$ cat structure-v8.txt   # compact mmCIF, C-alpha atoms
# COMPACT_ATOMS: atom_id res chain seq x y z
CA MET A 1 9.73 -19.35 9.70
CA ALA A 2 11.39 -15.98 9.95
CA LEU A 3 9.49 -14.19 7.25
CA MET A 4 5.72 -14.14 7.47
CA LEU A 5 5.02 -11.37 4.99
CA THR A 6 2.63 -12.96 2.52
CA LYS A 7 2.84 -12.98 -1.25
CA ARG A 8 0.22 -10.76 -2.81
CA ILE A 9 -2.23 -11.58 -5.57
CA ILE A 10 -3.38 -8.51 -7.45
CA PRO A 11 -6.13 -8.35 -10.04
CA CYS A 12 -5.64 -5.63 -12.60
CA LEU A 13 -8.65 -3.75 -13.90
CA ASP A 14 -8.23 -1.85 -17.13
CA VAL A 15 -10.57 1.10 -17.10
CA LYS A 16 -11.67 3.38 -19.87
CA ASP A 17 -14.12 6.25 -19.42
CA GLY A 18 -14.89 4.93 -15.95
CA ARG A 19 -15.70 1.38 -17.11
CA VAL A 20 -13.65 -1.80 -16.87
CA VAL A 21 -12.29 -3.27 -20.09
CA LYS A 22 -9.56 -5.78 -20.85
CA GLY A 23 -7.17 -5.85 -23.71
CA ARG A 24 -5.09 -8.58 -25.22
CA LYS A 25 -1.69 -7.39 -26.35
CA PHE A 26 -2.91 -3.86 -25.68
CA VAL A 27 -5.70 -3.95 -28.30
CA ASP A 28 -9.21 -5.47 -28.72
CA PHE A 29 -11.30 -4.37 -25.79
CA LYS A 30 -14.26 -6.21 -24.35
CA ASP A 31 -16.48 -4.25 -22.03
CA ALA A 32 -17.21 -5.98 -18.78
CA GLY A 33 -18.19 -3.94 -15.83
CA ASP A 34 -18.50 -1.41 -13.17
CA PRO A 35 -15.19 -0.77 -11.39
CA VAL A 36 -16.68 -0.40 -7.91
CA GLU A 37 -18.68 -3.64 -8.19
CA LEU A 38 -15.66 -5.51 -9.49
CA ALA A 39 -13.42 -4.05 -6.80
CA ARG A 40 -15.87 -5.20 -4.15
CA MET A 41 -16.06 -8.66 -5.70
CA TYR A 42 -12.28 -9.03 -5.81
CA ASN A 43 -12.04 -7.86 -2.22
CA GLU A 44 -14.52 -10.55 -1.20
CA GLN A 45 -12.51 -13.17 -3.10
CA GLY A 46 -9.44 -12.22 -1.08
CA ALA A 47 -7.51 -9.93 -3.41
CA ASP A 48 -4.60 -8.37 -1.52
CA GLU A 49 -4.64 -5.23 -3.56
CA LEU A 50 -6.20 -3.87 -6.72
CA SER A 51 -4.51 -2.28 -9.66
CA PHE A 52 -6.42 0.08 -11.92
CA LEU A 53 -4.93 0.85 -15.29
CA ASP A 54 -6.68 3.83 -16.80
CA ILE A 55 -6.62 4.07 -20.57
CA THR A 56 -9.04 6.95 -20.95
CA ALA A 57 -7.75 9.29 -23.60
CA SER A 58 -10.24 12.13 -23.42
CA PHE A 59 -9.76 15.64 -22.05
CA GLU A 60 -11.97 14.57 -19.17
CA LYS A 61 -9.47 11.90 -18.13
CA ARG A 62 -8.31 13.60 -14.96
CA LYS A 63 -11.81 14.16 -13.64
CA ILE A 64 -12.99 10.67 -14.59
CA VAL A 65 -10.06 8.94 -12.90
CA ILE A 66 -10.27 10.96 -9.71
CA ASP A 67 -13.99 10.31 -9.53
CA LEU A 68 -13.33 6.57 -9.95
CA VAL A 69 -10.71 6.60 -7.18
CA ARG A 70 -13.05 8.42 -4.80
CA LYS A 71 -15.84 5.93 -5.40
CA VAL A 72 -13.64 2.88 -4.94
CA ALA A 73 -12.02 4.31 -1.79
CA LYS A 74 -15.41 4.73 -0.17
CA GLU A 75 -16.38 1.11 -0.73
CA VAL A 76 -13.28 -1.02 -0.63
CA PHE A 77 -10.83 -1.05 2.25
CA ILE A 78 -7.79 -2.69 0.76
CA PRO A 79 -4.92 -0.90 -0.98
CA PHE A 80 -5.26 -0.05 -4.62
CA SER A 81 -3.07 1.60 -7.19
CA VAL A 82 -3.93 3.69 -10.20
CA GLY A 83 -1.83 4.07 -13.31
CA GLY A 84 -2.05 4.95 -16.97
CA GLY A 85 -0.79 8.20 -18.40
CA ILE A 86 0.10 9.76 -15.05
CA SER A 87 2.53 12.49 -16.01
CA SER A 88 2.71 15.05 -13.22
CA VAL A 89 3.37 15.13 -9.49
CA GLU A 90 0.16 17.17 -9.08
CA MET A 91 -1.82 14.30 -10.57
CA VAL A 92 -0.08 11.82 -8.25
CA LYS A 93 -1.02 13.94 -5.25
CA GLU A 94 -4.61 14.35 -6.39
CA LEU A 95 -5.01 10.59 -6.78
CA ILE A 96 -3.46 9.88 -3.37
CA ASN A 97 -5.70 12.48 -1.77
CA ALA A 98 -8.71 10.97 -3.51
CA GLY A 99 -7.93 7.66 -1.78
CA ALA A 100 -5.50 5.69 -3.95
CA GLU A 101 -2.81 4.02 -1.84
CA LYS A 102 -0.37 4.04 -4.75
CA VAL A 103 0.09 5.59 -8.15
CA SER A 104 1.96 3.79 -10.86
CA ILE A 105 4.08 5.78 -13.23
CA GLY A 106 5.15 4.32 -16.58
CA THR A 107 6.16 6.34 -19.61
CA ALA A 108 6.63 9.48 -17.52
CA ALA A 109 9.23 7.72 -15.36
CA VAL A 110 11.35 7.24 -18.48
CA ARG A 111 10.81 10.69 -19.91
CA ASN A 112 11.06 12.55 -16.63
CA PRO A 113 12.76 10.50 -13.89
CA SER A 114 12.82 13.50 -11.55
CA MET A 115 9.06 13.18 -11.34
CA VAL A 116 9.52 9.84 -9.55
CA GLU A 117 11.92 11.45 -7.12
CA GLN A 118 9.60 14.37 -6.41
CA ALA A 119 6.51 12.18 -6.04
CA ALA A 120 8.38 9.92 -3.60
CA ARG A 121 9.61 12.90 -1.62
CA GLU A 122 6.19 14.51 -1.40
CA CYS A 123 3.92 11.47 -1.05
CA GLY A 124 6.34 8.87 0.33
CA SER A 125 7.94 5.95 -1.51
CA GLN A 126 5.05 3.67 -0.61
CA ALA A 127 2.83 5.74 -2.89
CA VAL A 128 5.08 5.44 -5.94
CA VAL A 129 5.08 2.35 -8.11
CA VAL A 130 7.14 2.47 -11.27
CA SER A 131 5.56 0.39 -13.99
CA ILE A 132 8.04 -1.09 -16.45
CA ASP A 133 7.00 -2.73 -19.72
CA ALA A 134 9.96 -4.92 -20.61
CA LYS A 135 10.68 -6.91 -23.72
CA ARG A 136 13.50 -9.33 -24.38
CA LYS A 137 16.32 -8.07 -26.56
CA GLY A 138 19.45 -10.19 -26.94
CA ASN A 139 20.59 -11.38 -23.52
CA GLY A 140 18.55 -8.81 -21.63
CA TRP A 141 15.38 -6.79 -21.70
CA THR A 142 14.69 -3.22 -22.73
CA VAL A 143 12.09 -0.79 -21.46
CA TRP A 144 9.20 0.00 -23.80
CA ILE A 145 6.91 2.97 -23.42
CA GLU A 146 3.66 4.39 -24.73
CA GLY A 147 1.65 1.27 -24.00
CA GLY A 148 4.24 -1.08 -25.46
CA LYS A 149 4.68 0.73 -28.75
CA LYS A 150 8.14 2.26 -28.44
CA ASP A 151 11.49 0.74 -27.46
CA THR A 152 13.57 3.15 -25.39
CA GLY A 153 16.66 0.93 -25.68
CA LYS A 154 17.17 1.29 -21.92
CA ASP A 155 18.17 -1.86 -20.05
CA ALA A 156 15.18 -2.85 -17.91
CA LEU A 157 17.19 -4.06 -14.90
CA ALA A 158 19.40 -0.96 -14.79
CA PHE A 159 16.35 1.22 -15.18
CA ALA A 160 14.58 -0.55 -12.30
CA GLN A 161 17.63 0.07 -10.09
CA GLU A 162 17.69 3.71 -11.09
CA MET A 163 14.02 4.02 -10.12
CA GLU A 164 14.69 2.42 -6.74
CA GLN A 165 17.44 4.96 -6.11
CA LEU A 166 15.09 7.80 -7.02
CA GLY A 167 12.64 6.60 -4.38
CA ALA A 168 10.21 4.24 -6.11
CA GLY A 169 8.56 2.01 -3.51
CA GLU A 170 7.77 -0.89 -5.81
CA ILE A 171 8.32 -2.05 -9.37
CA LEU A 172 5.43 -3.35 -11.44
CA LEU A 173 7.20 -5.45 -14.03
CA ASN A 174 5.22 -6.36 -17.10
CA SER A 175 6.59 -8.70 -19.74
CA ILE A 176 5.43 -7.58 -23.17
CA ASP A 177 6.51 -10.93 -24.59
CA LYS A 178 4.23 -12.79 -22.20
CA ASP A 179 1.37 -10.34 -21.85
CA GLY A 180 -1.89 -11.84 -23.06
CA THR A 181 -0.34 -15.20 -23.99
CA LYS A 182 -1.36 -17.17 -20.86
CA GLY A 183 1.95 -18.96 -21.37
CA GLY A 184 3.33 -18.20 -17.92
CA PHE A 185 5.17 -15.23 -16.44
CA ASP A 186 8.66 -14.31 -17.62
CA ILE A 187 10.41 -16.07 -14.74
CA GLU A 188 13.94 -15.08 -15.65
CA LEU A 189 13.09 -11.41 -16.09
CA THR A 190 11.25 -11.34 -12.77
CA ARG A 191 13.95 -13.20 -10.85
CA ARG A 192 16.80 -11.10 -12.23
CA CYS A 193 14.90 -7.91 -11.44
CA SER A 194 13.99 -9.01 -7.93
CA GLU A 195 17.60 -9.99 -7.24
CA VAL A 196 19.01 -6.58 -8.12
CA LEU A 197 16.41 -4.64 -6.14
CA ASN A 198 15.69 -4.11 -2.47
CA ILE A 199 12.08 -3.08 -3.11
CA PRO A 200 9.17 -5.38 -3.96
CA VAL A 201 8.61 -6.59 -7.50
CA ILE A 202 5.10 -7.23 -8.81
CA ALA A 203 5.20 -9.68 -11.71
CA SER A 204 2.77 -9.12 -14.55
CA GLY A 205 2.02 -10.62 -17.92
CA GLY A 206 1.43 -14.21 -18.93
CA ALA A 207 -0.51 -15.85 -16.10
CA GLY A 208 -2.41 -18.83 -17.49
CA THR A 209 -2.41 -21.59 -14.89
CA LEU A 210 -2.36 -21.86 -11.10
CA ALA A 211 1.17 -23.24 -11.32
CA ASP A 212 2.29 -20.07 -13.11
CA PHE A 213 1.57 -18.07 -9.96
CA GLU A 214 3.51 -20.46 -7.79
CA GLU A 215 6.46 -20.44 -10.15
CA VAL A 216 6.79 -16.66 -10.35
CA LEU A 217 6.43 -16.26 -6.57
CA THR A 218 9.05 -18.94 -5.82
CA SER A 219 11.56 -19.38 -8.69
CA GLY A 220 10.76 -15.91 -10.01
CA LYS A 221 11.26 -14.37 -6.54
CA ALA A 222 8.36 -11.99 -7.11
CA ASP A 223 6.73 -10.38 -4.07
CA ALA A 224 3.37 -10.18 -5.77
CA ALA A 225 1.72 -11.42 -8.95
CA LEU A 226 -0.74 -9.52 -11.07
CA ALA A 227 -3.23 -10.82 -13.60
CA ALA A 228 -6.19 -9.37 -15.40
CA SER A 229 -8.19 -11.47 -17.83
CA LEU A 230 -7.85 -14.74 -15.88
CA PHE A 231 -9.70 -13.19 -12.98
CA HIS A 232 -11.87 -11.00 -15.07
CA PHE A 233 -13.31 -13.87 -17.06
CA SER A 234 -13.34 -16.11 -13.96
CA THR A 235 -10.98 -18.73 -15.34
CA PHE A 236 -9.91 -18.84 -11.69
CA THR A 237 -10.96 -16.83 -8.70
CA ILE A 238 -8.41 -15.13 -6.47
CA ALA A 239 -9.39 -17.67 -3.81
CA ASP A 240 -8.51 -20.56 -6.17
CA VAL A 241 -5.05 -19.12 -6.70
CA LYS A 242 -4.45 -18.54 -3.01
CA LYS A 243 -5.67 -21.96 -2.02
CA TYR A 244 -3.34 -23.52 -4.57
CA LEU A 245 -0.44 -21.43 -3.32
CA ARG A 246 -1.05 -22.37 0.29
CA GLU A 247 -1.25 -26.06 -0.64
CA ASN A 248 2.12 -25.59 -2.26
CA SER A 249 3.66 -23.92 0.79
CA VAL A 250 3.60 -20.35 -0.47
CA GLU A 251 2.59 -18.01 2.36
CA VAL A 252 -0.60 -16.13 1.45
CA ARG A 253 -3.39 -14.33 3.28
CA LEU A 254 -6.41 -16.63 3.33
CA MET B 255 -17.18 13.45 17.88
CA ILE B 256 -14.18 11.55 16.54
CA ALA B 257 -11.35 13.76 15.40
CA ILE B 258 -8.97 12.60 12.69
CA VAL B 259 -5.84 14.69 12.96
CA ASP B 260 -4.71 16.16 9.64
CA TYR B 261 -1.32 17.80 10.08
CA GLY B 262 -0.86 18.31 6.36
CA ALA B 263 0.56 15.08 5.03
CA GLY B 264 -0.99 12.36 2.99
CA ASN B 265 -4.42 10.96 2.79
CA VAL B 266 -6.54 11.10 5.93
CA ASN B 267 -9.70 10.51 3.91
CA SER B 268 -9.14 6.76 3.90
CA VAL B 269 -9.54 6.70 7.68
CA LYS B 270 -12.66 8.82 7.36
CA ASN B 271 -14.03 6.52 4.64
CA ALA B 272 -13.59 3.53 6.96
CA LEU B 273 -15.43 5.32 9.79
CA ASP B 274 -18.20 6.38 7.38
CA HIS B 275 -18.52 2.77 6.30
CA LEU B 276 -19.00 1.77 9.95
CA GLY B 277 -21.65 4.46 10.25
CA VAL B 278 -19.58 6.52 12.67
CA GLN B 279 -19.35 10.29 12.35
CA SER B 280 -15.94 11.87 12.28
CA VAL B 281 -14.31 15.18 11.52
CA ILE B 282 -10.94 15.89 10.00
CA VAL B 283 -9.27 18.45 12.24
CA THR B 284 -6.32 20.72 11.61
CA THR B 285 -6.33 23.08 14.59
CA PRO B 286 -5.81 22.80 18.38
CA GLU B 287 -9.28 24.35 18.99
CA GLU B 288 -11.05 21.61 17.04
CA LEU B 289 -8.99 18.94 18.74
CA LEU B 290 -10.07 20.08 22.21
CA LYS B 291 -13.67 19.13 21.40
CA ALA B 292 -12.82 15.55 20.43
CA LYS B 293 -14.29 12.58 22.29
CA ARG B 294 -11.84 10.29 20.52
CA ILE B 295 -8.74 11.07 18.50
CA ILE B 296 -7.22 9.22 15.58
CA LEU B 297 -3.67 10.10 14.68
CA PRO B 298 -2.83 8.73 11.24
CA GLY B 299 0.68 9.12 9.96
CA VAL B 300 2.56 8.86 6.73
CA GLY B 301 5.99 10.02 5.67
CA ALA B 302 8.94 10.48 7.97
CA PHE B 303 8.96 10.59 11.78
CA GLY B 304 10.73 13.97 11.78
CA PHE B 305 8.37 15.44 9.20
CA MET B 306 5.33 14.40 11.20
CA MET B 307 6.73 15.82 14.47
CA ASP B 308 7.72 19.08 12.76
CA LYS B 309 4.22 19.44 11.34
CA LEU B 310 2.52 18.65 14.66
CA ARG B 311 4.66 21.30 16.37
CA GLU B 312 4.26 23.84 13.59
CA LYS B 313 0.49 23.55 13.79
CA GLY B 314 0.45 23.73 17.57
CA LEU B 315 -0.99 20.23 17.85
CA GLU B 316 1.64 18.60 20.08
CA THR B 317 0.45 20.03 23.40
CA PRO B 318 -3.30 19.52 22.77
CA ILE B 319 -2.65 15.89 21.82
CA LYS B 320 -0.63 15.32 24.99
CA ASN B 321 -3.25 17.10 27.08
CA ALA B 322 -6.04 15.02 25.58
CA ILE B 323 -4.12 11.85 26.42
CA THR B 324 -3.59 13.04 30.00
CA ALA B 325 -7.29 13.86 30.24
CA GLY B 326 -8.13 10.29 29.28
CA THR B 327 -9.39 10.82 25.71
CA PRO B 328 -9.05 7.57 23.75
CA LEU B 329 -6.40 7.95 21.05
CA LEU B 330 -5.56 5.65 18.17
CA GLY B 331 -2.24 6.08 16.38
CA ILE B 332 -1.78 4.53 12.93
CA CYS B 333 1.50 3.78 11.12
CA VAL B 334 3.89 6.70 11.77
CA GLY B 335 1.18 7.65 14.29
CA ILE B 336 2.40 4.75 16.51
CA GLN B 337 6.04 5.76 16.06
CA VAL B 338 5.66 9.38 17.17
CA LEU B 339 4.21 8.19 20.48
CA PHE B 340 7.73 7.08 21.40
CA GLU B 341 10.77 9.16 22.33
CA GLU B 342 12.96 9.02 19.25
CA SER B 343 13.55 7.34 15.90
CA GLU B 344 16.57 6.18 13.94
CA GLU B 345 14.92 7.84 10.99
CA ASN B 346 15.56 11.35 12.30
CA PRO B 347 18.04 11.31 15.18
CA GLY B 348 17.71 14.36 17.39
CA VAL B 349 14.00 14.87 16.75
CA ARG B 350 11.95 14.31 19.90
CA GLY B 351 8.77 12.28 19.57
CA LEU B 352 5.68 12.86 21.68
CA GLY B 353 7.24 10.61 24.31
CA ILE B 354 3.95 9.16 25.54
CA PHE B 355 5.71 5.81 25.72
CA ARG B 356 9.32 5.15 26.62
CA GLY B 357 11.31 3.50 23.89
CA LYS B 358 12.56 4.13 20.40
CA VAL B 359 11.91 3.42 16.75
CA LEU B 360 14.39 1.30 14.80
CA LYS B 361 14.91 0.50 11.13
CA PHE B 362 14.49 -3.02 9.71
CA ARG B 363 17.94 -4.43 9.08
CA LYS B 364 16.92 -7.45 7.02
CA GLY B 365 14.77 -8.19 4.01
CA LYS B 366 13.31 -5.76 1.54
CA VAL B 367 12.71 -2.36 3.11
CA PRO B 368 10.05 -1.08 3.40
CA GLN B 369 8.01 -4.09 4.30
CA ILE B 370 5.03 -3.79 1.96
CA GLY B 371 2.10 -6.14 2.13
CA TRP B 372 -0.05 -8.32 4.35
CA ASN B 373 1.51 -9.78 7.43
CA ARG B 374 0.19 -11.72 10.38
CA VAL B 375 -0.81 -9.94 13.60
CA HIS B 376 -0.55 -12.03 16.77
CA PRO B 377 -2.08 -10.58 19.92
CA PRO B 378 -0.88 -12.31 23.11
CA LYS B 379 -4.54 -12.19 24.16
CA GLU B 380 -7.60 -11.20 22.20
CA GLY B 381 -9.20 -7.84 22.94
CA ILE B 382 -9.15 -4.99 20.48
CA PHE B 383 -6.74 -7.11 18.51
CA MET B 384 -7.42 -10.42 16.87
CA GLU B 385 -5.29 -12.98 15.12
CA GLY B 386 -5.29 -12.14 11.41
CA TYR B 387 -3.63 -10.40 8.51
CA ALA B 388 -3.12 -6.67 8.23
CA TYR B 389 -1.64 -4.41 5.57
CA PHE B 390 1.76 -2.98 6.43
CA VAL B 391 3.98 -0.38 4.80
CA ASN B 392 6.91 0.36 7.07
CA SER B 393 10.66 0.64 7.20
CA TYR B 394 10.72 1.31 10.95
CA TYR B 395 9.18 -0.37 13.99
CA VAL B 396 8.71 0.57 17.62
CA VAL B 397 10.68 -0.94 20.47
CA PRO B 398 8.84 -0.17 23.73
CA THR B 399 10.92 -0.14 26.91
CA ASN B 400 7.95 -1.55 28.80
CA LYS B 401 7.13 -4.80 27.01
CA LYS B 402 3.79 -4.96 28.82
CA ILE B 403 2.32 -2.38 26.45
CA ILE B 404 2.83 -4.67 23.44
CA ALA B 405 -0.67 -5.60 22.28
CA ALA B 406 0.34 -7.53 19.16
CA THR B 407 3.47 -8.77 17.46
CA THR B 408 4.33 -9.44 13.83
CA ASP B 409 7.25 -11.25 12.22
CA TYR B 410 9.38 -9.63 9.55
CA HIS B 411 12.78 -11.32 9.66
CA GLY B 412 12.28 -11.17 13.41
CA LYS B 413 9.49 -10.28 15.77
CA PHE B 414 8.42 -6.67 16.28
CA ALA B 415 5.63 -4.84 18.13
CA SER B 416 2.86 -4.20 15.60
CA ALA B 417 0.42 -2.77 18.15
CA VAL B 418 0.70 -1.20 21.59
CA GLN B 419 -1.88 -0.34 24.17
CA SER B 420 -1.81 1.28 27.56
CA GLY B 421 -4.78 2.93 29.23
CA ASN B 422 -6.52 5.19 26.73
CA VAL B 423 -3.73 5.05 24.16
CA THR B 424 -3.82 2.42 21.42
CA ALA B 425 -1.63 2.37 18.33
CA VAL B 426 -0.95 0.14 15.38
CA GLN B 427 1.90 -0.07 12.91
CA PHE B 428 -0.36 -1.47 10.19
CA HIS B 429 -2.91 0.43 8.14
CA LEU B 430 -6.15 -0.75 9.66
CA GLU B 431 -8.05 1.50 7.24
CA LYS B 432 -6.57 -0.59 4.39
CA SER B 433 -6.72 -3.99 6.04
CA GLY B 434 -10.06 -5.13 4.71
CA ASP B 435 -12.54 -6.76 7.09
CA PHE B 436 -9.80 -7.39 9.66
CA GLY B 437 -9.03 -3.68 9.80
CA LEU B 438 -12.67 -2.62 9.96
CA GLU B 439 -13.34 -5.07 12.78
CA THR B 440 -10.30 -3.81 14.71
CA LEU B 441 -11.52 -0.27 14.26
CA ARG B 442 -15.00 -1.26 15.42
CA ARG B 443 -13.54 -2.85 18.55
CA TRP B 444 -11.47 0.23 19.31
CA LEU B 445 -14.57 2.40 18.92
CA SER B 446 -16.47 0.32 21.44
CA CYS B 447 -13.75 0.06 24.10
$ encode --input "structure-v8.txt" --output "structure tokens"
Amino acid sequence: MALMLTKRIIPCLDVKDGRVVKGRKFVDFKDAGDPVELARMYNEQGADELSFLDITASFEKRKIVIDLVRKVAKEVFIPFSVGGGISSVEMVKELINAGAEKVSIGTAAVRNPSMVEQAARECGSQAVVVSIDAKRKGNGWTVWIEGGKKDTGKDALAFAQEMEQLGAGEILLNSIDKDGTKGGFDIELTRRCSEVLNIPVIASGGAGTLADFEEVLTSGKADAALAASLFHFSTFTIADVKKYLRENSVEVRL
Amino acid sequence: MIAIVDYGAGNVNSVKNALDHLGVQSVIVTTPEELLKAKRIILPGVGAFGFMMDKLREKGLETPIKNAITAGTPLLGICVGIQVLFEESEENPGVRGLGIFRGKVLKFRKGKVPQIGWNRVHPPKEGIFMEGYAYFVNSYYVVPTNKKIIAATTDYHGKFASAVQSGNVTAVQFHLEKSGDFGLETLRRWLSC
């Protein structure tokens, strides 16, 4: 085999005020844990990376998130990203310096694309993940912002390409249609996006079964798959997913 | 004392965090004076080859690093820190590397670039390096003239040197500070060699 780079499985941890929560369709939160403990647990289960989505809305947000990143970086030695309301290059730099490997930029990438370019130039492309919330419209998908509340009308695939050109290192592609449904990833969206890009695509939204992971990493051509509640509520462990993938000839780190 | 060289780019704290976790004291250094006192040196790197070399020269760190290597101080290069040990890179033609090793740095021609993720590290024989998975983020890879210094290889649409070692100089293309238990164990082995 010529390509040995493994497919990544990434648990997403939604954090608010320094605690982990998980939403369904972006509302209804259930409290469930300490981010550092959970990060350690996921690392032990074989997570390839962690993704923190911060939904803190208070004035203390900046301080709380940076504190969280520092704590995790001292305990867990795998890459992790932080996203959620990141709107300045200064904030990106602070998070990277605090120990985050990557920062994911969502709404701000739409409103201020030059921020992506500047962050990539100053921190390197590997540090910049552009997070796209996409929802089907007609034959394609459009980009939604503000936590899935507002349609920008921008074509998701064209936008992803634009972000790659500006220096984004990866695309975190979340299907709003599938998010929280456990009905499987949006395979077509993921595949089309992966085919037009030369940077990795992380598929998100809809994981419900072990086969869903296999499908998005093979037919969907995703480089990585992200899920939150499945792992959070221990429907499966990361190890279950990876074992299943390996049994089905998908290269993973085990 | 272990010196982690901070030439003004990116996050060197992750390397320090890993050493702290292993219970090993380290200092982040930014000046030639501090570097002279080091018993071991870690040279992490992010960003471009040319940027890193410019910064090392600007801060007067090039000569002390070379002198330390000549004096036998163990040095560990990480990521772009392996690349600058060579003579030149396709990334920034015309910029001289440290030239500790003969050879050059080439860009991946196939697949998604950069390579981002966990890939397998195969050492021809076990020592500092073990068989296992490490976390990589790289668009470029080193091509040593002397193949004997290759301490591990990795496959990304073709085989490349993911670690080199010769005498007191060891370097890895992967981020051992982000490679979980595999990375920590590799670091531990380097510290005890």
$ closest_atom_pairs --input "structure-v8.txt" --of "chain A" --to "chain B" --cutoff "8 Å" --atoms "only C-alpha atoms" --output "JSON lines"
{"residue": "A:Ala2", "atom": "CA", "partner": "B:His411", "partner_atom": "CA", "distance": 4.9}
{"residue": "A:Leu3", "atom": "CA", "partner": "B:His411", "partner_atom": "CA", "distance": 5.0}
{"residue": "A:Met4", "atom": "CA", "partner": "B:Asp409", "partner_atom": "CA", "distance": 5.8}
{"residue": "A:Leu5", "atom": "CA", "partner": "B:Asn373", "partner_atom": "CA", "distance": 4.6}
{"residue": "A:Thr6", "atom": "CA", "partner": "B:Trp372", "partner_atom": "CA", "distance": 5.7}
{"residue": "A:Lys7", "atom": "CA", "partner": "B:Gly371", "partner_atom": "CA", "distance": 7.7}
{"residue": "A:Arg8", "atom": "CA", "partner": "B:Gly371", "partner_atom": "CA", "distance": 7.0}
{"residue": "A:Asn43", "atom": "CA", "partner": "B:Gly434", "partner_atom": "CA", "distance": 7.7}
{"residue": "A:Asp48", "atom": "CA", "partner": "B:Trp372", "partner_atom": "CA", "distance": 7.4}
{"residue": "A:Ala73", "atom": "CA", "partner": "B:Ser268", "partner_atom": "CA", "distance": 6.8}
{"residue": "A:Lys74", "atom": "CA", "partner": "B:Asn271", "partner_atom": "CA", "distance": 5.3}
{"residue": "A:Glu75", "atom": "CA", "partner": "B:His275", "partner_atom": "CA", "distance": 7.5}
{"residue": "A:Val76", "atom": "CA", "partner": "B:Gly434", "partner_atom": "CA", "distance": 7.5}
{"residue": "A:Phe77", "atom": "CA", "partner": "B:Lys432", "partner_atom": "CA", "distance": 4.8}
{"residue": "A:Ile78", "atom": "CA", "partner": "B:Lys432", "partner_atom": "CA", "distance": 4.4}
{"residue": "A:Pro79", "atom": "CA", "partner": "B:Lys432", "partner_atom": "CA", "distance": 5.6}
{"residue": "A:Ile96", "atom": "CA", "partner": "B:Asn265", "partner_atom": "CA", "distance": 6.3}
{"residue": "A:Asn97", "atom": "CA", "partner": "B:Asn265", "partner_atom": "CA", "distance": 5.0}
{"residue": "A:Ala98", "atom": "CA", "partner": "B:Asn267", "partner_atom": "CA", "distance": 7.5}
{"residue": "A:Gly99", "atom": "CA", "partner": "B:Ser268", "partner_atom": "CA", "distance": 5.9}
{"residue": "A:Cys123", "atom": "CA", "partner": "B:Gly264", "partner_atom": "CA", "distance": 6.4}
{"residue": "A:Gly124", "atom": "CA", "partner": "B:Gly301", "partner_atom": "CA", "distance": 5.5}
{"residue": "A:Gln126", "atom": "CA", "partner": "B:Val391", "partner_atom": "CA", "distance": 6.8}
{"residue": "A:Gly169", "atom": "CA", "partner": "B:Pro368", "partner_atom": "CA", "distance": 7.7}
{"residue": "A:Asn198", "atom": "CA", "partner": "B:Lys366", "partner_atom": "CA", "distance": 4.9}
{"residue": "A:Ile199", "atom": "CA", "partner": "B:Lys366", "partner_atom": "CA", "distance": 5.5}
{"residue": "A:Pro200", "atom": "CA", "partner": "B:Lys366", "partner_atom": "CA", "distance": 6.9}
{"residue": "A:Arg253", "atom": "CA", "partner": "B:Tyr387", "partner_atom": "CA", "distance": 6.5}
$ residues_around --input "structure-v8.txt" --residues "Asn346 (chain B)" --least-positions-apart "5" --cutoff "9 Å" --atoms "all atoms listed in the file" --output "ChimeraX atom specification"
/B:302-305
$ residues_near_point --input "structure-v8.txt" --point "(20.1, -3.1, -20.6)" --cutoff "8 Å" --atoms "only C-alpha atoms" --output "PDB file with C-alpha atoms, in the frame of the given file"
ATOM      1  CA  GLY A 140      18.550  -8.810 -21.630  1.00  0.00           C
ATOM      2  CA  TRP A 141      15.380  -6.790 -21.700  1.00  0.00           C
ATOM      3  CA  THR A 142      14.690  -3.220 -22.730  1.00  0.00           C
ATOM      4  CA  GLY A 153      16.660   0.930 -25.680  1.00  0.00           C
ATOM      5  CA  LYS A 154      17.170   1.290 -21.920  1.00  0.00           C
ATOM      6  CA  ASP A 155      18.170  -1.860 -20.050  1.00  0.00           C
ATOM      7  CA  ALA A 156      15.180  -2.850 -17.910  1.00  0.00           C
ATOM      8  CA  LEU A 157      17.190  -4.060 -14.900  1.00  0.00           C
ATOM      9  CA  ALA A 158      19.400  -0.960 -14.790  1.00  0.00           C
ATOM     10  CA  PHE A 159      16.350   1.220 -15.180  1.00  0.00           C
TER      11      PHE A 159
END
$ residues_near_point --input "structure-v8.txt" --point "(2.8, 0.1, -25.9)" --cutoff "12 Å" --atoms "all atoms listed in the file" --output "ChimeraX atom specification"
/A:23-27,55,84-85,106-107,132-135,143-152,174-177,179
$ residues_around --input "structure-v8.txt" --residues "Thr56 (chain A)" --least-positions-apart "3" --cutoff "10 Å" --atoms "all atoms listed in the file" --output "list in words"
Asp14, Val15, Lys16, Asp17, Gly18, Arg19, Leu53, Phe59, Glu60, Lys61, Arg62, Ile64, Val65, Gly84 and Gly85 of chain A
